[in-house]
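Heads up, data21.cif below (mmCIF, C-alpha atoms and all ligand atoms):
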```cif
data_target
loop_
_atom_site.label_atom_id
_atom_site.label_comp_id
_atom_site.auth_asym_id
_atom_site.auth_seq_id
_atom_site.Cartn_x
_atom_site.Cartn_y
_atom_site.Cartn_z
CA MET A 1 0.00 0.00 0.00
CA ASN A 2 1.23 3.45 -0.81
CA ASP A 3 0.93 6.46 1.49
CA ARG A 4 -2.24 7.64 -0.16
CA GLN A 5 -3.93 4.24 0.34
CA ILE A 6 -2.81 4.09 3.95
CA GLN A 7 -4.16 7.57 4.57
CA ARG A 8 -7.42 6.56 2.95
CA ARG A 9 -7.76 3.41 5.09
CA ARG A 10 -7.19 5.47 8.21
CA MET A 11 -9.68 8.04 7.08
CA ILE A 12 -12.37 5.44 6.38
CA ALA A 13 -11.82 3.91 9.82
CA ALA A 14 -12.09 7.35 11.39
CA MET A 15 -15.24 8.14 9.43
CA VAL A 16 -16.91 4.90 10.50
CA ALA A 17 -15.98 5.68 14.11
CA ALA A 18 -17.43 9.16 13.67
CA GLY A 19 -20.74 7.80 12.42
CA PHE A 20 -20.26 8.16 8.69
CA SER A 21 -21.45 4.59 8.11
CA PRO A 22 -23.82 5.43 5.22
CA TRP A 23 -20.82 6.75 3.33
CA ASN A 24 -18.50 3.91 4.20
CA ARG A 25 -19.51 1.80 1.22
CA LEU A 26 -19.05 4.68 -1.21
CA LEU A 27 -15.60 5.42 0.16
CA ALA A 28 -14.57 1.79 0.18
CA GLU A 29 -15.59 1.55 -3.48
CA ASP A 30 -13.60 4.69 -4.26
CA LYS A 31 -16.77 6.64 -5.13
CA LEU A 32 -17.20 10.30 -4.39
CA LEU A 33 -19.45 11.36 -1.53
CA PRO A 34 -22.46 13.46 -2.54
CA VAL A 35 -22.03 17.15 -1.76
CA THR A 36 -24.34 18.28 1.04
CA PRO A 37 -27.43 19.82 -0.61
CA SER A 38 -27.87 23.55 -0.37
CA ASP A 39 -31.00 25.17 1.03
CA ALA A 40 -32.41 28.70 1.13
CA GLU A 41 -30.41 31.25 3.11
CA GLY A 42 -33.61 32.92 4.30
CA PRO A 43 -33.86 36.57 5.31
CA PHE A 44 -32.18 36.42 8.72
CA TYR A 45 -28.42 36.02 8.19
CA PRO A 46 -26.92 38.67 10.49
CA VAL A 47 -26.62 42.16 9.04
CA ASP A 48 -23.41 42.55 11.06
CA ILE A 49 -21.58 39.62 12.58
CA PRO A 50 -22.05 40.13 16.34
CA SER A 51 -18.90 40.61 18.45
CA ASP A 52 -19.92 37.63 20.55
CA SER A 53 -20.13 34.95 17.89
CA ASP A 54 -18.32 31.98 19.40
CA ASN A 55 -19.61 28.41 19.29
CA ASN A 56 -21.48 28.63 22.59
CA LEU A 57 -24.77 30.29 21.70
CA LEU A 58 -26.07 29.90 25.23
CA ARG A 59 -23.49 32.11 26.84
CA VAL A 60 -23.77 35.74 25.86
CA VAL A 61 -21.11 38.20 26.99
CA GLY A 62 -22.57 40.59 29.55
CA MET A 63 -25.58 38.38 30.32
CA ARG A 64 -25.80 36.68 33.66
CA ASP A 65 -28.79 34.50 32.79
CA THR A 66 -28.80 31.76 30.24
CA SER A 67 -31.48 31.40 27.62
CA PRO A 68 -34.55 29.26 28.21
CA GLY A 69 -35.06 26.44 25.74
CA GLN A 70 -33.76 22.94 25.27
CA LEU A 71 -29.98 22.60 25.29
CA ALA A 72 -28.53 20.81 22.26
CA TYR A 73 -25.00 20.04 21.16
CA VAL A 74 -24.71 20.05 17.38
CA HIS A 75 -21.51 18.63 16.01
CA GLY A 76 -19.98 16.95 12.99
CA THR A 77 -17.11 16.75 10.55
CA VAL A 78 -16.56 18.71 7.35
CA VAL A 79 -15.04 16.60 4.56
CA ASP A 80 -14.39 16.78 0.82
CA GLN A 81 -15.97 14.36 -1.65
CA GLN A 82 -13.12 11.90 -1.10
CA GLY A 83 -13.98 11.93 2.59
CA THR A 84 -10.83 13.78 3.59
CA PRO A 85 -11.43 16.03 6.60
CA ILE A 86 -11.19 19.75 5.82
CA ASP A 87 -9.42 21.74 8.49
CA ASN A 88 -9.82 25.48 8.79
CA ALA A 89 -13.33 25.41 7.31
CA ARG A 90 -15.46 28.19 8.74
CA VAL A 91 -18.80 26.88 10.00
CA GLU A 92 -21.49 29.42 10.85
CA ILE A 93 -24.93 28.71 12.26
CA TRP A 94 -27.88 30.96 12.99
CA GLN A 95 -31.32 30.20 14.34
CA CYS A 96 -34.28 31.75 16.13
CA ASP A 97 -34.50 31.91 19.92
CA HIS A 98 -36.77 29.72 22.09
CA GLY A 99 -39.71 31.98 21.20
CA GLY A 100 -39.18 31.72 17.44
CA VAL A 101 -37.56 35.15 16.98
CA TYR A 102 -34.35 35.87 15.06
CA HIS A 103 -31.76 38.43 16.14
CA HIS A 104 -32.39 40.43 13.02
CA PRO A 105 -34.06 43.79 12.35
CA GLY A 106 -36.19 42.10 9.68
CA ASP A 107 -37.88 39.93 12.30
CA ASP A 108 -40.86 41.69 13.93
CA GLY A 109 -40.49 39.93 17.28
CA LYS A 110 -38.33 40.91 20.23
CA PRO A 111 -35.35 38.53 20.41
CA ASP A 112 -34.24 37.03 23.71
CA LEU A 113 -30.88 38.67 24.33
CA ARG A 114 -29.83 35.75 26.51
CA PHE A 115 -29.47 33.74 23.32
CA GLN A 116 -26.64 34.49 20.90
CA GLY A 117 -28.63 33.67 17.75
CA PHE A 118 -25.48 33.24 15.64
CA GLY A 119 -22.25 31.35 16.18
CA ALA A 120 -19.14 30.49 14.20
CA MET A 121 -16.08 28.34 14.53
CA VAL A 122 -13.24 26.97 12.44
CA THR A 123 -12.83 23.22 12.04
CA SER A 124 -9.97 21.36 13.71
CA ARG A 125 -7.35 19.33 11.85
CA ALA A 126 -9.79 16.43 11.97
CA GLY A 127 -12.43 18.59 10.27
CA ALA A 128 -14.53 18.65 13.45
CA TYR A 129 -16.88 21.38 14.63
CA HIS A 130 -19.35 21.68 17.49
CA PHE A 131 -21.86 24.17 18.82
CA ARG A 132 -23.65 24.46 22.14
CA THR A 133 -27.05 25.82 21.25
CA LEU A 134 -30.82 25.30 21.50
CA ARG A 135 -32.82 22.55 19.95
CA PRO A 136 -34.53 24.55 17.17
CA VAL A 137 -38.22 25.38 17.55
CA PRO A 138 -40.92 25.96 14.93
CA TYR A 139 -42.01 29.46 13.96
CA THR A 140 -44.81 30.62 11.72
CA GLY A 141 -44.63 28.73 8.45
CA ARG A 142 -41.45 26.79 9.21
CA THR A 143 -40.49 23.47 10.70
CA PRO A 144 -37.58 23.65 13.22
CA HIS A 145 -34.20 24.13 11.52
CA ILE A 146 -30.72 25.54 12.03
CA HIS A 147 -29.19 27.61 9.24
CA TYR A 148 -25.64 26.77 8.16
CA ARG A 149 -23.05 28.52 6.05
CA VAL A 150 -19.80 26.61 5.52
CA SER A 151 -16.78 27.88 3.62
CA ALA A 152 -13.23 26.69 3.05
CA PRO A 153 -10.55 27.79 0.58
CA GLY A 154 -10.84 25.87 -2.70
CA PHE A 155 -14.43 24.73 -2.12
CA ASN A 156 -17.83 26.12 -3.07
CA ARG A 157 -19.47 27.90 -0.19
CA LEU A 158 -22.40 25.91 1.15
CA THR A 159 -25.55 27.54 2.54
CA THR A 160 -28.04 25.06 3.91
CA GLN A 161 -30.35 24.12 6.76
CA LEU A 162 -30.29 21.26 9.25
CA TYR A 163 -33.64 19.64 10.04
CA VAL A 164 -34.78 17.52 13.00
CA THR A 165 -35.68 13.84 12.52
CA GLU A 166 -38.14 13.97 15.42
CA GLU A 167 -40.18 16.64 13.59
CA ALA A 168 -41.40 14.36 10.80
CA GLU A 169 -44.93 15.80 10.73
CA ARG A 170 -43.86 19.44 10.58
CA ASN A 171 -41.08 18.57 8.10
CA ALA A 172 -43.64 16.95 5.80
CA ARG A 173 -45.60 20.23 5.68
CA ASP A 174 -42.58 22.53 5.27
CA SER A 175 -42.33 24.04 1.78
CA LEU A 176 -38.52 24.21 1.76
CA TYR A 177 -38.11 20.70 3.15
CA LYS A 178 -40.51 19.32 0.56
CA ARG A 179 -38.38 20.74 -2.26
CA HIS A 180 -35.61 18.26 -1.42
CA SER A 181 -35.47 14.75 -2.84
CA PRO A 182 -35.75 11.87 -0.34
CA ALA A 183 -31.99 11.34 -0.58
CA GLU A 184 -31.31 15.02 0.11
CA ARG A 185 -33.67 14.98 3.09
CA VAL A 186 -31.65 12.15 4.61
CA GLN A 187 -28.49 14.23 4.26
CA LEU A 188 -30.07 17.31 5.86
CA THR A 189 -31.95 15.69 8.73
CA SER A 190 -30.42 14.61 12.04
CA SER A 191 -31.83 13.06 15.16
CA PHE A 192 -31.68 15.25 18.28
CA ARG A 193 -31.14 12.52 20.86
CA THR A 194 -30.92 12.72 24.60
CA VAL A 195 -27.45 11.55 25.52
CA ASP A 196 -27.59 12.11 29.27
CA ASP A 197 -28.83 14.79 31.64
CA ALA A 198 -26.62 17.27 29.82
CA GLY A 199 -29.00 17.71 26.91
CA LEU A 200 -29.64 16.66 23.36
CA MET A 201 -27.01 15.82 20.79
CA ALA A 202 -27.23 15.92 17.00
CA GLU A 203 -24.59 14.99 14.45
CA PHE A 204 -24.49 16.74 11.08
CA ASN A 205 -21.60 15.80 8.81
CA ILE A 206 -20.98 18.05 5.83
CA VAL A 207 -19.46 17.37 2.40
CA LEU A 208 -18.11 20.34 0.45
CA GLY A 209 -17.54 20.18 -3.31
FE FE B 301 -35.02 30.13 9.40
#
```

Using structure tokens, write down the structure that the file contains.
Amino acid sequence: MNDRQIQRRRMIAAMVAAGFSPWNRLLAEDKLLPVTPSDAEGPFYPVDIPSDSDNNLLRVVGMRDTSPGQLAYVHGTVVDQQGTPIDNARVEIWQCDHGGVYHHPGDDGKPDLRFQGFGAMVTSRAGAYHFRTLRPVPYTGRTPHIHYRVSAPGFNRLTTQLYVTEEAERNARDSLYKRHSPAERVQLTSSFRTVDDAGLMAEFNIVLG
């Protein structure tokens, strides 16, 4: 085996360990992974990136109280179509607060300032990212979702949305969700599972092309 093959074997093993099992067969057969489908950006990407925009959306600088809502850890790995982890990818998320209001002047509601609303981080050498945030809630006309924007040098920027497996009924009625093919829905939908008393956990792995 040459270096490239060894690296690939290691990568496949790591991906399986990280929960990439649906992609394992494709990688083993030397097939490219499908790029994560894009989805509408929507009107609420921040006008200005807030100064507090770290990956803990439940801790806001200057706020003593934490936001109400259901704690969720959202994490995953960003890879290319060969399955190679992409380090230094910038992952941004934004979502409404527990009351369904975005931190955006275009949203009529009053946002809960105890919730950060937007967060960003750069992936590690292993391509990993994670956010401490709220389990998304529905708001008028939309099923729960978290907006994502992912960029890395040499790749197309991805704007998409993560949906919640446990919201099958609302998802089925959501006009944006319905636009996706069944295969795309699988890629964009993750289970928000209770891991322990700490909260919910959801894994969303992302392929850039
Ligand atoms: Fe939205």

For ligand FE 301 (chain B), collect every residue having any atom at a distance of at most 9 Å from a ligand atom (counting all atoms listed in the file); output as an NGL selection string.
:A and (40-45 or 94-96 or 102 or 139 or 142-147 or 161)

Hey, which of A:Val207, A:Leu57, A:Ala128, A:Val195 ends up closest to Gly69 (chain A)? Count only C-alpha atoms.
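When distances to Gly69 (chain A) are compared using only C-alpha atoms, the smallest one comes from A:Leu57.
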
So which residues touch Leu208 (chain A) within 12 Å, counting all atoms listed in the file, skipping near sequence neighbours fewer than 4 positions away, as a VMD selection string?
chain A and resid 32 to 38 77 to 87 89 to 91 127 149 to 160

For the atom pair CA of Gly100 (chain A) and CA of Pro138 (chain A), what is the interatomic distance in Å to one decimal place?
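Result for CA of Gly100 (chain A) versus CA of Pro138 (chain A): 6.5 Å, one decimal.
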
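Closest approach to Gly62 (chain A) from the set A:Lys31, A:Gly99, A:Glu92, A:Phe115 is made by A:Phe115, with distances taken over only C-alpha atoms.
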